[in-house]
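The structure file final-v8.cif is reproduced below (mmCIF, C-alpha atoms).
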data_data
#
loop_
_atom_site.group_PDB
_atom_site.id
_atom_site.type_symbol
_atom_site.label_atom_id
_atom_site.label_comp_id
_atom_site.auth_asym_id
_atom_site.auth_seq_id
_atom_site.Cartn_x
_atom_site.Cartn_y
_atom_site.Cartn_z
ATOM 1 C CA MET A 1 -140.538 -158.821 52.495
ATOM 2 C CA HIS A 2 -140.585 -162.493 53.473
ATOM 3 C CA ALA A 3 -141.487 -163.445 49.930
ATOM 4 C CA LEU A 4 -138.319 -161.742 48.793
ATOM 5 C CA LEU A 5 -136.151 -163.592 51.252
ATOM 6 C CA ASN A 6 -137.173 -167.113 50.236
ATOM 7 C CA PRO A 7 -134.285 -168.956 48.594
ATOM 8 C CA ALA A 8 -134.759 -168.992 44.850
ATOM 9 C CA ASN A 9 -133.147 -171.512 42.572
ATOM 10 C CA ASP A 10 -133.750 -169.580 39.427
ATOM 11 C CA ALA A 11 -130.941 -167.113 38.746
ATOM 12 C CA MET A 12 -133.321 -164.559 37.292
ATOM 13 C CA VAL A 13 -135.509 -164.616 40.367
ATOM 14 C CA ALA A 14 -132.426 -164.362 42.563
ATOM 15 C CA ALA A 15 -131.188 -161.406 40.536
ATOM 16 C CA ASP A 16 -134.561 -159.729 40.820
ATOM 17 C CA ALA A 17 -134.562 -160.380 44.543
ATOM 18 C CA ALA A 18 -131.114 -158.837 44.864
ATOM 19 C CA THR A 19 -132.273 -155.835 42.871
ATOM 20 C CA LEU A 20 -135.272 -155.363 45.132
ATOM 21 C CA LEU A 21 -133.093 -155.755 48.200
ATOM 22 C CA VAL A 22 -130.610 -153.138 47.042
ATOM 23 C CA LEU A 23 -133.450 -150.749 46.229
ATOM 24 C CA ARG A 24 -134.837 -151.220 49.727
ATOM 25 C CA ALA A 25 -131.368 -150.824 51.205
ATOM 26 C CA GLY A 26 -131.046 -147.612 49.242
ATOM 27 C CA SER A 27 -134.030 -146.221 51.054
ATOM 28 C CA GLY A 28 -132.371 -147.012 54.383
ATOM 29 C CA ASP A 29 -133.742 -150.488 55.098
ATOM 30 C CA ALA A 30 -130.955 -152.035 57.192
ATOM 31 C CA ARG A 31 -132.606 -155.464 57.292
ATOM 32 C CA ALA A 32 -132.762 -155.624 53.495
ATOM 33 C CA PHE A 33 -129.109 -154.690 53.365
ATOM 34 C CA ALA A 34 -128.198 -157.348 55.923
ATOM 35 C CA GLU A 35 -129.997 -159.982 53.848
ATOM 36 C CA LEU A 36 -128.288 -158.776 50.689
ATOM 37 C CA ALA A 37 -124.902 -158.888 52.416
ATOM 38 C CA ARG A 38 -125.633 -162.426 53.556
ATOM 39 C CA GLN A 39 -126.267 -163.448 49.939
ATOM 40 C CA LEU A 40 -123.234 -161.685 48.537
ATOM 41 C CA ALA A 41 -120.556 -162.289 51.157
ATOM 42 C CA ARG A 42 -119.542 -165.870 50.462
ATOM 43 C CA PRO A 43 -119.191 -165.730 46.665
ATOM 44 C CA ALA A 44 -117.518 -162.332 46.989
ATOM 45 C CA LEU A 45 -115.003 -163.698 49.490
ATOM 46 C CA ALA A 46 -114.269 -166.665 47.212
ATOM 47 C CA GLN A 47 -113.666 -164.397 44.233
ATOM 48 C CA CYS A 48 -111.437 -162.047 46.211
ATOM 49 C CA ILE A 49 -109.352 -164.924 47.603
ATOM 50 C CA ARG A 50 -108.883 -166.156 44.052
ATOM 51 C CA ILE A 51 -107.773 -162.743 42.854
ATOM 52 C CA LEU A 52 -105.764 -161.549 45.845
ATOM 53 C CA ASP A 53 -104.473 -164.932 46.987
ATOM 54 C CA ASP A 54 -104.629 -163.747 50.570
ATOM 55 C CA ARG A 55 -107.523 -164.402 52.956
ATOM 56 C CA GLN A 56 -107.042 -161.309 55.073
ATOM 57 C CA LEU A 57 -106.778 -158.980 52.087
ATOM 58 C CA ALA A 58 -109.827 -160.654 50.572
ATOM 59 C CA GLU A 59 -111.814 -160.185 53.774
ATOM 60 C CA ASP A 60 -110.824 -156.506 53.892
ATOM 61 C CA ALA A 61 -111.842 -156.059 50.270
ATOM 62 C CA VAL A 62 -115.271 -157.619 50.807
ATOM 63 C CA GLN A 63 -115.885 -155.500 53.909
ATOM 64 C CA GLU A 64 -114.921 -152.386 52.013
ATOM 65 C CA ALA A 65 -117.142 -153.345 49.079
ATOM 66 C CA LEU A 66 -120.116 -153.933 51.374
ATOM 67 C CA THR A 67 -119.520 -150.607 53.085
ATOM 68 C CA ARG A 68 -119.520 -148.914 49.701
ATOM 69 C CA LEU A 69 -122.627 -150.874 48.709
ATOM 70 C CA TRP A 70 -124.504 -149.546 51.738
ATOM 71 C CA ARG A 71 -123.382 -145.964 51.127
ATOM 72 C CA GLU A 72 -124.178 -146.001 47.430
ATOM 73 C CA ALA A 73 -127.238 -148.241 47.373
ATOM 74 C CA GLY A 74 -129.435 -145.199 46.914
ATOM 75 C CA ARG A 75 -127.641 -144.395 43.684
ATOM 76 C CA PHE A 76 -128.288 -147.753 42.045
ATOM 77 C CA ASP A 77 -130.510 -147.315 39.030
ATOM 78 C CA PRO A 78 -131.901 -150.565 37.530
ATOM 79 C CA ALA A 79 -132.563 -148.752 34.279
ATOM 80 C CA ARG A 80 -128.826 -148.215 33.773
ATOM 81 C CA GLY A 81 -127.719 -151.811 34.259
ATOM 82 C CA SER A 82 -128.052 -154.973 36.300
ATOM 83 C CA PHE A 83 -127.320 -155.129 39.990
ATOM 84 C CA ALA A 84 -124.928 -158.041 39.364
ATOM 85 C CA GLY A 85 -122.784 -155.927 37.055
ATOM 86 C CA TRP A 86 -122.919 -152.952 39.376
ATOM 87 C CA TRP A 87 -121.895 -155.020 42.400
ATOM 88 C CA ARG A 88 -119.191 -156.869 40.448
ATOM 89 C CA ARG A 89 -117.640 -153.593 39.435
ATOM 90 C CA MET A 90 -117.722 -152.336 43.012
ATOM 91 C CA LEU A 91 -116.144 -155.545 44.293
ATOM 92 C CA MET A 92 -113.389 -155.561 41.664
ATOM 93 C CA ASN A 93 -112.700 -151.923 42.394
ATOM 94 C CA CYS A 94 -112.149 -152.692 46.057
ATOM 95 C CA ALA A 95 -110.181 -155.892 45.377
ATOM 96 C CA LEU A 96 -107.841 -154.211 42.915
ATOM 97 C CA ASP A 97 -107.409 -151.074 44.986
ATOM 98 C CA GLY A 98 -103.815 -149.941 44.511
ATOM 99 C CA ARG A 99 -103.283 -149.246 48.205
ATOM 100 C CA ARG A 100 -103.977 -152.870 49.032
ATOM 101 C CA ARG A 101 -101.338 -154.010 46.549
ATOM 102 C CA LEU A 102 -98.657 -152.360 48.639
ATOM 103 C CA ARG A 103 -99.069 -155.139 51.157
ATOM 104 C CA PRO A 104 -97.077 -158.291 50.352
ATOM 105 C CA ALA A 105 -99.032 -161.112 48.738
ATOM 106 C CA ALA A 106 -98.742 -164.722 49.804
ATOM 107 C CA ALA A 107 -95.744 -166.546 48.416
ATOM 108 C CA LEU A 108 -96.115 -169.388 45.940
ATOM 109 C CA ASP A 109 -95.491 -172.137 48.496
ATOM 110 C CA GLU A 110 -97.857 -170.536 50.974
ATOM 111 C CA ALA A 111 -100.549 -170.267 48.314
ATOM 112 C CA ALA A 112 -100.290 -173.957 47.562
ATOM 113 C CA GLU A 113 -100.432 -174.738 51.255
ATOM 114 C CA ILE A 114 -103.516 -172.586 51.739
ATOM 115 C CA ALA A 115 -105.307 -174.201 48.829
ATOM 116 C CA ASP A 116 -104.540 -177.691 50.087
ATOM 117 C CA ARG A 117 -105.461 -177.078 53.689
ATOM 118 C CA GLU A 118 -109.201 -177.700 53.545
ATOM 119 C CA PRO A 119 -110.400 -181.230 52.837
ATOM 120 C CA THR A 120 -112.600 -181.682 49.777
ATOM 121 C CA PRO A 121 -115.190 -184.350 48.895
ATOM 122 C CA ALA A 122 -113.753 -187.369 47.162
ATOM 123 C CA ARG A 123 -115.406 -186.740 43.820
ATOM 124 C CA ALA A 124 -114.082 -183.203 43.686
ATOM 125 C CA ALA A 125 -110.612 -184.110 44.926
ATOM 126 C CA GLU A 126 -108.982 -184.241 41.529
ATOM 127 C CA ARG A 127 -110.641 -181.029 40.450
ATOM 128 C CA ALA A 128 -109.673 -179.345 43.698
ATOM 129 C CA ASP A 129 -106.108 -180.522 43.287
ATOM 130 C CA LEU A 130 -106.025 -179.075 39.808
ATOM 131 C CA ALA A 131 -107.495 -175.827 41.085
ATOM 132 C CA ALA A 132 -104.896 -175.715 43.847
ATOM 133 C CA ARG A 133 -102.070 -176.153 41.372
ATOM 134 C CA VAL A 134 -103.454 -173.379 39.210
ATOM 135 C CA GLN A 135 -103.919 -171.212 42.294
ATOM 136 C CA ALA A 136 -100.294 -171.740 43.207
ATOM 137 C CA ALA A 137 -99.187 -170.922 39.680
ATOM 138 C CA ALA A 138 -101.518 -167.917 39.487
ATOM 139 C CA ALA A 139 -100.079 -166.480 42.689
ATOM 140 C CA GLU A 140 -97.319 -164.800 40.702
ATOM 141 C CA LEU A 141 -99.611 -163.257 38.089
ATOM 142 C CA PRO A 142 -100.634 -159.617 38.359
ATOM 143 C CA GLU A 143 -103.958 -159.232 40.135
ATOM 144 C CA ARG A 144 -105.728 -157.801 37.093
ATOM 145 C CA GLN A 145 -104.773 -160.835 35.023
ATOM 146 C CA ARG A 146 -106.090 -163.115 37.752
ATOM 147 C CA ALA A 147 -109.306 -161.103 37.922
ATOM 148 C CA ALA A 148 -109.828 -161.299 34.160
ATOM 149 C CA LEU A 149 -109.186 -165.048 34.144
ATOM 150 C CA ALA A 150 -111.509 -165.645 37.096
ATOM 151 C CA LEU A 151 -114.329 -163.611 35.576
ATOM 152 C CA PHE A 152 -113.930 -165.178 32.134
ATOM 153 C CA HIS A 153 -113.468 -168.809 33.113
ATOM 154 C CA GLY A 154 -115.397 -168.744 36.380
ATOM 155 C CA GLU A 155 -118.404 -166.559 35.732
ATOM 156 C CA GLY A 156 -118.416 -166.937 31.956
ATOM 157 C CA LEU A 157 -118.625 -163.210 31.388
ATOM 158 C CA SER A 158 -118.205 -161.590 28.001
ATOM 159 C CA MET A 159 -115.272 -159.313 27.190
ATOM 160 C CA GLN A 160 -117.566 -156.311 27.521
ATOM 161 C CA GLU A 161 -118.810 -157.385 30.935
ATOM 162 C CA ILE A 162 -115.264 -157.972 32.166
ATOM 163 C CA ALA A 163 -114.211 -154.624 30.748
ATOM 164 C CA ASP A 164 -117.056 -152.981 32.668
ATOM 165 C CA ALA A 165 -116.106 -154.757 35.880
ATOM 166 C CA LEU A 166 -112.427 -153.842 35.587
ATOM 167 C CA GLU A 167 -113.149 -150.363 34.219
ATOM 168 C CA THR A 168 -111.081 -150.860 31.111
ATOM 169 C CA SER A 169 -111.486 -151.600 27.398
ATOM 170 C CA GLU A 170 -112.306 -154.886 25.703
ATOM 171 C CA LYS A 171 -108.900 -154.834 24.019
ATOM 172 C CA ALA A 172 -107.206 -154.497 27.367
ATOM 173 C CA VAL A 173 -109.216 -157.427 28.722
ATOM 174 C CA GLU A 174 -108.180 -159.493 25.716
ATOM 175 C CA GLY A 175 -104.557 -158.663 26.493
ATOM 176 C CA LEU A 176 -104.979 -159.522 30.167
ATOM 177 C CA LEU A 177 -106.475 -162.891 29.293
ATOM 178 C CA LEU A 178 -103.843 -163.733 26.705
ATOM 179 C CA ARG A 179 -100.938 -162.751 28.930
ATOM 180 C CA GLY A 180 -102.431 -164.491 31.945
ATOM 181 C CA ARG A 181 -103.088 -167.664 30.035
ATOM 182 C CA ALA A 182 -99.608 -167.693 28.508
ATOM 183 C CA ALA A 183 -97.997 -167.088 31.892
ATOM 184 C CA LEU A 184 -100.047 -169.838 33.516
ATOM 185 C CA LYS A 185 -99.112 -172.252 30.781
ATOM 186 C CA THR A 186 -95.431 -171.521 31.315
ATOM 187 C CA LYS A 187 -95.672 -171.765 35.087
ATOM 188 C CA LEU A 188 -97.606 -174.988 35.001
ATOM 189 C CA MET A 189 -95.059 -176.464 32.602
ATOM 190 C CA ASP A 190 -92.333 -175.417 35.010
ATOM 191 C CA LEU A 191 -94.125 -177.339 37.714
ATOM 192 C CA LYS A 192 -93.834 -180.426 35.497
ATOM 193 C CA ASP A 193 -97.498 -180.306 34.679
ATOM 194 C CA ASP A 194 -98.934 -182.189 31.770
ATOM 195 C CA MET A 195 -100.974 -179.317 30.410
ATOM 196 C CA GLN A 196 -101.484 -179.400 26.670
ATOM 197 C CA MET B 1 -105.077 -188.916 23.022
ATOM 198 C CA SER B 2 -104.775 -188.986 26.793
ATOM 199 C CA ASP B 3 -107.343 -187.675 29.231
ATOM 200 C CA ARG B 4 -104.875 -185.210 30.703
ATOM 201 C CA PRO B 5 -106.502 -181.941 31.668
ATOM 202 C CA THR B 6 -106.168 -179.080 29.246
ATOM 203 C CA LEU B 7 -105.042 -175.655 30.314
ATOM 204 C CA ASP B 8 -108.558 -174.292 29.866
ATOM 205 C CA ALA B 9 -109.985 -177.071 32.028
ATOM 206 C CA ALA B 10 -107.410 -176.352 34.702
ATOM 207 C CA ILE B 11 -108.169 -172.629 34.699
ATOM 208 C CA ALA B 12 -111.893 -173.355 34.740
ATOM 209 C CA ALA B 13 -111.421 -175.678 37.714
ATOM 210 C CA TRP B 14 -109.518 -172.943 39.515
ATOM 211 C CA ALA B 15 -112.080 -170.290 38.669
ATOM 212 C CA THR B 16 -115.118 -172.314 39.703
ATOM 213 C CA THR B 17 -113.859 -174.308 42.677
ATOM 214 C CA GLU B 18 -114.404 -172.459 45.906
ATOM 215 C CA PRO B 19 -110.966 -171.683 47.305
ATOM 216 C CA ALA B 20 -110.050 -172.700 50.830
ATOM 217 C CA GLY B 21 -111.056 -169.968 53.209
ATOM 218 C CA ALA B 22 -114.130 -168.827 51.275
ATOM 219 C CA GLY B 23 -116.288 -170.942 53.554
ATOM 220 C CA ASP B 24 -114.507 -169.775 56.678
ATOM 221 C CA ASP B 25 -117.412 -169.176 59.063
ATOM 222 C CA ALA B 26 -115.396 -166.858 61.271
ATOM 223 C CA ALA B 27 -114.407 -164.651 58.316
ATOM 224 C CA LEU B 28 -117.981 -164.589 57.018
ATOM 225 C CA ALA B 29 -119.278 -163.747 60.478
ATOM 226 C CA ARG B 30 -116.828 -160.845 60.728
ATOM 227 C CA ILE B 31 -117.873 -159.560 57.307
ATOM 228 C CA LEU B 32 -121.589 -159.802 58.087
ATOM 229 C CA GLY B 33 -121.073 -158.287 61.519
ATOM 230 C CA HIS B 34 -119.285 -155.370 59.905
ATOM 231 C CA ALA B 35 -122.094 -154.993 57.353
ATOM 232 C CA GLU B 36 -124.710 -154.983 60.098
ATOM 233 C CA THR B 37 -122.758 -152.428 62.083
ATOM 234 C CA ILE B 38 -122.456 -149.957 59.221
ATOM 235 C CA ALA B 39 -126.126 -150.402 58.338
ATOM 236 C CA THR B 40 -127.383 -149.824 61.853
ATOM 237 C CA GLN B 41 -124.844 -147.364 63.220
ATOM 238 C CA GLY B 42 -123.104 -145.834 60.226
ATOM 239 C CA ALA B 43 -124.152 -143.052 57.927
ATOM 240 C CA PRO B 44 -127.334 -143.640 55.935
ATOM 241 C CA PRO B 45 -127.081 -144.431 52.221
ATOM 242 C CA ALA B 46 -126.385 -141.526 49.918
ATOM 243 C CA PRO B 47 -129.467 -140.185 48.154
ATOM 244 C CA SER B 48 -130.122 -141.108 44.559
ATOM 245 C CA ARG B 49 -128.572 -139.111 41.734
ATOM 246 C CA ALA B 50 -131.856 -137.386 40.995
ATOM 247 C CA GLY B 51 -132.012 -136.120 44.546
ATOM 248 C CA TRP B 52 -128.320 -135.380 44.697
ATOM 249 C CA PHE B 53 -128.339 -132.830 41.892
ATOM 250 C CA ARG B 54 -130.711 -130.186 43.083
ATOM 251 C CA PRO B 55 -129.853 -126.628 42.050
ATOM 252 C CA LYS B 56 -129.232 -124.537 45.143
ATOM 253 C CA PRO B 57 -129.622 -120.763 44.579
ATOM 254 C CA GLY B 58 -126.915 -119.836 47.096
ATOM 255 C CA TRP B 59 -124.340 -122.138 45.528
ATOM 256 C CA MET B 60 -125.269 -120.987 42.033
ATOM 257 C CA LEU B 61 -124.841 -117.320 42.960
ATOM 258 C CA GLY B 62 -121.502 -118.003 44.637
ATOM 259 C CA GLY B 63 -120.327 -120.023 41.677
ATOM 260 C CA ALA B 64 -121.335 -117.326 39.215
ATOM 261 C CA LEU B 65 -119.485 -114.666 41.226
ATOM 262 C CA ALA B 66 -116.357 -116.826 41.482
ATOM 263 C CA ALA B 67 -116.436 -117.539 37.742
ATOM 264 C CA SER B 68 -116.854 -113.842 36.921
ATOM 265 C CA PHE B 69 -113.942 -112.923 39.145
ATOM 266 C CA ALA B 70 -111.731 -115.602 37.583
ATOM 267 C CA ILE B 71 -112.589 -114.444 34.055
ATOM 268 C CA ALA B 72 -111.917 -110.829 34.990
ATOM 269 C CA LEU B 73 -108.491 -111.804 36.345
ATOM 270 C CA LEU B 74 -107.660 -113.733 33.189
ATOM 271 C CA LEU B 75 -108.697 -110.922 30.860
ATOM 272 C CA ALA B 76 -107.006 -108.124 32.807
ATOM 273 C CA PRO B 77 -104.036 -106.462 30.985
ATOM 274 C CA ASN B 78 -100.475 -107.032 32.174
ATOM 275 C CA PRO B 79 -99.511 -104.932 35.176
ATOM 276 C CA GLN B 80 -97.754 -101.714 34.162
ATOM 277 C CA ALA B 81 -95.083 -99.832 35.944
ATOM 278 C CA ALA B 82 -96.486 -97.036 38.032
ATOM 279 C CA PRO B 83 -95.748 -93.519 36.690
ATOM 280 C CA GLY B 84 -93.700 -92.703 39.770
ATOM 281 C CA GLU B 85 -91.339 -95.623 39.164
ATOM 282 C CA ALA B 86 -90.684 -94.584 35.562
ATOM 283 C CA GLU B 87 -89.788 -91.062 36.662
ATOM 284 C CA VAL B 88 -87.258 -92.368 39.178
ATOM 285 C CA VAL B 89 -85.468 -94.439 36.544
ATOM 286 C CA LEU B 90 -85.335 -91.586 34.078
ATOM 287 C CA ALA B 91 -84.030 -89.228 36.675
ATOM 288 C CA SER B 92 -81.214 -91.565 37.725
ATOM 289 C CA ALA B 93 -80.205 -92.117 34.101
ATOM 290 C CA GLY B 94 -79.878 -88.359 33.670
ATOM 291 C CA ASP B 95 -77.695 -88.111 36.770
ATOM 292 C CA VAL B 96 -75.255 -90.751 35.495
ATOM 293 C CA ALA B 97 -74.721 -88.926 32.239
ATOM 294 C CA GLY B 98 -73.817 -85.860 34.195
ATOM 295 C CA GLY B 99 -75.887 -83.613 31.978
ATOM 296 C CA SER B 100 -79.316 -83.127 30.749
ATOM 297 C CA VAL B 101 -80.011 -86.358 28.981
ATOM 298 C CA LYS B 102 -83.487 -86.671 27.625
ATOM 299 C CA LEU B 103 -84.689 -90.097 26.703
ATOM 300 C CA ALA B 104 -87.496 -90.745 24.318
ATOM 301 C CA GLU B 105 -90.787 -90.825 26.058
ATOM 302 C CA ALA B 106 -91.385 -94.361 27.153
ATOM 303 C CA GLU B 107 -94.731 -95.745 26.288
ATOM 304 C CA SER B 108 -96.549 -98.215 28.336
ATOM 305 C CA GLY B 109 -96.025 -101.969 28.236
ATOM 306 C CA THR B 110 -93.228 -103.665 26.282
ATOM 307 C CA SER B 111 -91.971 -100.406 24.679
ATOM 308 C CA ALA B 112 -91.221 -98.935 28.081
ATOM 309 C CA THR B 113 -89.357 -102.043 29.103
ATOM 310 C CA PHE B 114 -87.342 -102.012 25.887
ATOM 311 C CA ALA B 115 -86.444 -98.354 26.301
ATOM 312 C CA LEU B 116 -85.180 -98.925 29.820
ATOM 313 C CA LEU B 117 -83.130 -101.999 28.934
ATOM 314 C CA TYR B 118 -81.677 -100.662 25.657
ATOM 315 C CA THR B 119 -77.956 -99.815 25.796
ATOM 316 C CA PRO B 120 -76.945 -97.245 23.152
ATOM 317 C CA THR B 121 -73.799 -97.784 21.067
ATOM 318 C CA VAL B 122 -70.816 -95.426 21.339
ATOM 319 C CA GLU B 123 -71.880 -93.569 18.190
ATOM 320 C CA GLU B 124 -75.393 -93.157 19.441
ATOM 321 C CA GLU B 125 -74.044 -91.922 22.745
ATOM 322 C CA TYR B 126 -71.849 -89.411 20.940
ATOM 323 C CA GLN B 127 -74.801 -88.097 18.986
ATOM 324 C CA LEU B 128 -76.789 -87.761 22.134
#
As structure tokens, how would this structure be written, given the file I've shared?
Amino acid sequence: MHALLNPANDAMVAADAATLLVLRAGSGDARAFAELARQLARPALAQCIRILDDRQLAEDAVQEALTRLWREAGRFDPARGSFAGWWRRMLMNCALDGRRRLRPAAALDEAAEIADREPTPARAAERADLAARVQAAAAELPERQRAALALFHGEGLSMQEIADALETSEKAVEGLLLRGRAALKTKLMDLKDDMQ
Amino acid sequence: MSDRPTLDAAIAAWATTEPAGAGDDAALARILGHAETIATQGAPPAPSRAGWFRPKPGWMLGGALAASFAIALLLAPNPQAAPGEAEVVLASAGDVAGGSVKLAEAESGTSATFALLYTPTVEEEYQL
């Protein structure tokens, strides 16, 4: 067990460790699940904030996804796909839950304010500023477009992997990316950005 | 060519930079506390698919009976008028005519319905 919990730099080893943890969680091992949750929570929260543009909604989505992960861990079958893909799909499903969309999202100004609130290291300041401007512009995009853009540009997933995560077709993902990109370009131009 | 950021670079920066709030210790603590609570106090994980689909004789028998009943209902013929009802209608028609009017014997189903709804023309009435 302790061998599994050592931090691993190699992504493959980390993925294998996550797979082993979810298999143990599936058999009712609460400690394995707690460790898995500890590994997943932060990146999941970051992704959900990006997509939902609201910290509270993002926190709710991650909690719901982890609850579902615990309940369905016993159904995970490594032979049918990777744990990363399985978890990503679960997380996107919770983040894009239609009921959550009924709640108002943060306004554009608020989104910019949220993104600027936390200080960043000097070397990453310019990049963070750019990210904050995109975040503010992306606040008005539909959540599915934001999700597709985040998965494509952030995680470098293929169209098929994004389609699996969003439970849609590759063509639909292509459309989401094109529309999202076009809308961002327009919005960033409106903000007197120098995007080419 | 300037070194202005391209749109792709801007989107990539957004998608890879951790947004403010993702490192919020209080939020992460709440999430992990919730996860620990459901793991220690909540329902246990659902069994695997292989264990989930186990044929249960009781359920299978009940299902077979329900399916048979549903098929029998679907294949049953249309409800027919009871013989007593048909006699009442014929008798009242005879009373209205004031004489002994004898209608053609109504068959079952749509023919009977047609016979009861059909209004004879004046000539037909005269011949009757």
Pairwise distance for CA of Asp29 in chain A and CA of Ala46 in chain A, rounded to one decimal in Å: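 That distance, rounded to one decimal, is 26.5 Å.
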Atom-to-atom span, CA of Arg30 in chain B and CA of Leu91 in chain A, Å: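 Value for the CA of Arg30 in chain B-CA of Leu91 in chain A distance: 17.3 Å.
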Result set of the PyMOL selection byres ((chain A and resi 165) around 12) on the coordinates above, as a PyMOL selection string: chain A and resi 82-96+144+147-148+150-152+157-164+166-170+173
Identify, on the basis of all atoms listed in the file, every residue whose closest approach to Leu66 in chain A does not exceed 10 Å; exclude the query and any residue fewer than 2 positions from it along the same chain; express the result as a short mmCIF file (atom, residue, chain, number, x, y, z; two decimals) with C-alpha atoms, in the frame of the given file.
data_model
loop_
_atom_site.label_atom_id
_atom_site.label_comp_id
_atom_site.auth_asym_id
_atom_site.auth_seq_id
_atom_site.Cartn_x
_atom_site.Cartn_y
_atom_site.Cartn_z
CA PHE A 33 -129.11 -154.69 53.36
CA ALA A 34 -128.20 -157.35 55.92
CA LEU A 36 -128.29 -158.78 50.69
CA ALA A 37 -124.90 -158.89 52.42
CA LEU A 40 -123.23 -161.68 48.54
CA ALA A 41 -120.56 -162.29 51.16
CA ALA A 44 -117.52 -162.33 46.99
CA ASP A 60 -110.82 -156.51 53.89
CA ALA A 61 -111.84 -156.06 50.27
CA VAL A 62 -115.27 -157.62 50.81
CA GLN A 63 -115.88 -155.50 53.91
CA GLU A 64 -114.92 -152.39 52.01
CA ARG A 68 -119.52 -148.91 49.70
CA LEU A 69 -122.63 -150.87 48.71
CA TRP A 70 -124.50 -149.55 51.74
CA ARG A 71 -123.38 -145.96 51.13
CA GLU A 72 -124.18 -146.00 47.43
CA ALA A 73 -127.24 -148.24 47.37
CA TRP A 87 -121.90 -155.02 42.40
CA MET A 90 -117.72 -152.34 43.01
CA LEU A 91 -116.14 -155.54 44.29
CA CYS A 94 -112.15 -152.69 46.06
CA ILE B 31 -117.87 -159.56 57.31
CA LEU B 32 -121.59 -159.80 58.09
CA HIS B 34 -119.28 -155.37 59.90
CA ALA B 35 -122.09 -154.99 57.35
CA GLU B 36 -124.71 -154.98 60.10
CA ILE B 38 -122.46 -149.96 59.22
CA ALA B 39 -126.13 -150.40 58.34
#
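If you measure from each of A:Arg31, A:Arg127, A:Arg146, A:Arg133 to Gln47 in chain A using only C-alpha atoms, the closest one turns out to be A:Arg146.
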Selection under test: the PyMOL selection byres ((chain A) within 8 of (chain B)); residues as a ChimeraX atom specification: /A:25-28,30,33-34,37-38,41-43,45-46,49-50,55,59,62-63,66-67,70-76,114-118,127-128,130-132,134-135,149-151,153-155,185,194-196
Atoms to include: C-alpha atoms. Write the selected residues as an mmCIF file, in the coordinates of the input.
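Output saved as part.cif:
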data_model
loop_
_atom_site.group_PDB
_atom_site.id
_atom_site.type_symbol
_atom_site.label_atom_id
_atom_site.label_comp_id
_atom_site.auth_asym_id
_atom_site.auth_seq_id
_atom_site.Cartn_x
_atom_site.Cartn_y
_atom_site.Cartn_z
ATOM 1 C CA ALA A 25 -131.368 -150.824 51.205
ATOM 2 C CA GLY A 26 -131.046 -147.612 49.242
ATOM 3 C CA SER A 27 -134.030 -146.221 51.054
ATOM 4 C CA GLY A 28 -132.371 -147.012 54.383
ATOM 5 C CA ALA A 30 -130.955 -152.035 57.192
ATOM 6 C CA PHE A 33 -129.109 -154.690 53.365
ATOM 7 C CA ALA A 34 -128.198 -157.348 55.923
ATOM 8 C CA ALA A 37 -124.902 -158.888 52.416
ATOM 9 C CA ARG A 38 -125.633 -162.426 53.556
ATOM 10 C CA ALA A 41 -120.556 -162.289 51.157
ATOM 11 C CA ARG A 42 -119.542 -165.870 50.462
ATOM 12 C CA PRO A 43 -119.191 -165.730 46.665
ATOM 13 C CA LEU A 45 -115.003 -163.698 49.490
ATOM 14 C CA ALA A 46 -114.269 -166.665 47.212
ATOM 15 C CA ILE A 49 -109.352 -164.924 47.603
ATOM 16 C CA ARG A 50 -108.883 -166.156 44.052
ATOM 17 C CA ARG A 55 -107.523 -164.402 52.956
ATOM 18 C CA GLU A 59 -111.814 -160.185 53.774
ATOM 19 C CA VAL A 62 -115.271 -157.619 50.807
ATOM 20 C CA GLN A 63 -115.885 -155.500 53.909
ATOM 21 C CA LEU A 66 -120.116 -153.933 51.374
ATOM 22 C CA THR A 67 -119.520 -150.607 53.085
ATOM 23 C CA TRP A 70 -124.504 -149.546 51.738
ATOM 24 C CA ARG A 71 -123.382 -145.964 51.127
ATOM 25 C CA GLU A 72 -124.178 -146.001 47.430
ATOM 26 C CA ALA A 73 -127.238 -148.241 47.373
ATOM 27 C CA GLY A 74 -129.435 -145.199 46.914
ATOM 28 C CA ARG A 75 -127.641 -144.395 43.684
ATOM 29 C CA PHE A 76 -128.288 -147.753 42.045
ATOM 30 C CA ILE A 114 -103.516 -172.586 51.739
ATOM 31 C CA ALA A 115 -105.307 -174.201 48.829
ATOM 32 C CA ASP A 116 -104.540 -177.691 50.087
ATOM 33 C CA ARG A 117 -105.461 -177.078 53.689
ATOM 34 C CA GLU A 118 -109.201 -177.700 53.545
ATOM 35 C CA ARG A 127 -110.641 -181.029 40.450
ATOM 36 C CA ALA A 128 -109.673 -179.345 43.698
ATOM 37 C CA LEU A 130 -106.025 -179.075 39.808
ATOM 38 C CA ALA A 131 -107.495 -175.827 41.085
ATOM 39 C CA ALA A 132 -104.896 -175.715 43.847
ATOM 40 C CA VAL A 134 -103.454 -173.379 39.210
ATOM 41 C CA GLN A 135 -103.919 -171.212 42.294
ATOM 42 C CA LEU A 149 -109.186 -165.048 34.144
ATOM 43 C CA ALA A 150 -111.509 -165.645 37.096
ATOM 44 C CA LEU A 151 -114.329 -163.611 35.576
ATOM 45 C CA HIS A 153 -113.468 -168.809 33.113
ATOM 46 C CA GLY A 154 -115.397 -168.744 36.380
ATOM 47 C CA GLU A 155 -118.404 -166.559 35.732
ATOM 48 C CA LYS A 185 -99.112 -172.252 30.781
ATOM 49 C CA ASP A 194 -98.934 -182.189 31.770
ATOM 50 C CA MET A 195 -100.974 -179.317 30.410
ATOM 51 C CA GLN A 196 -101.484 -179.400 26.670
#
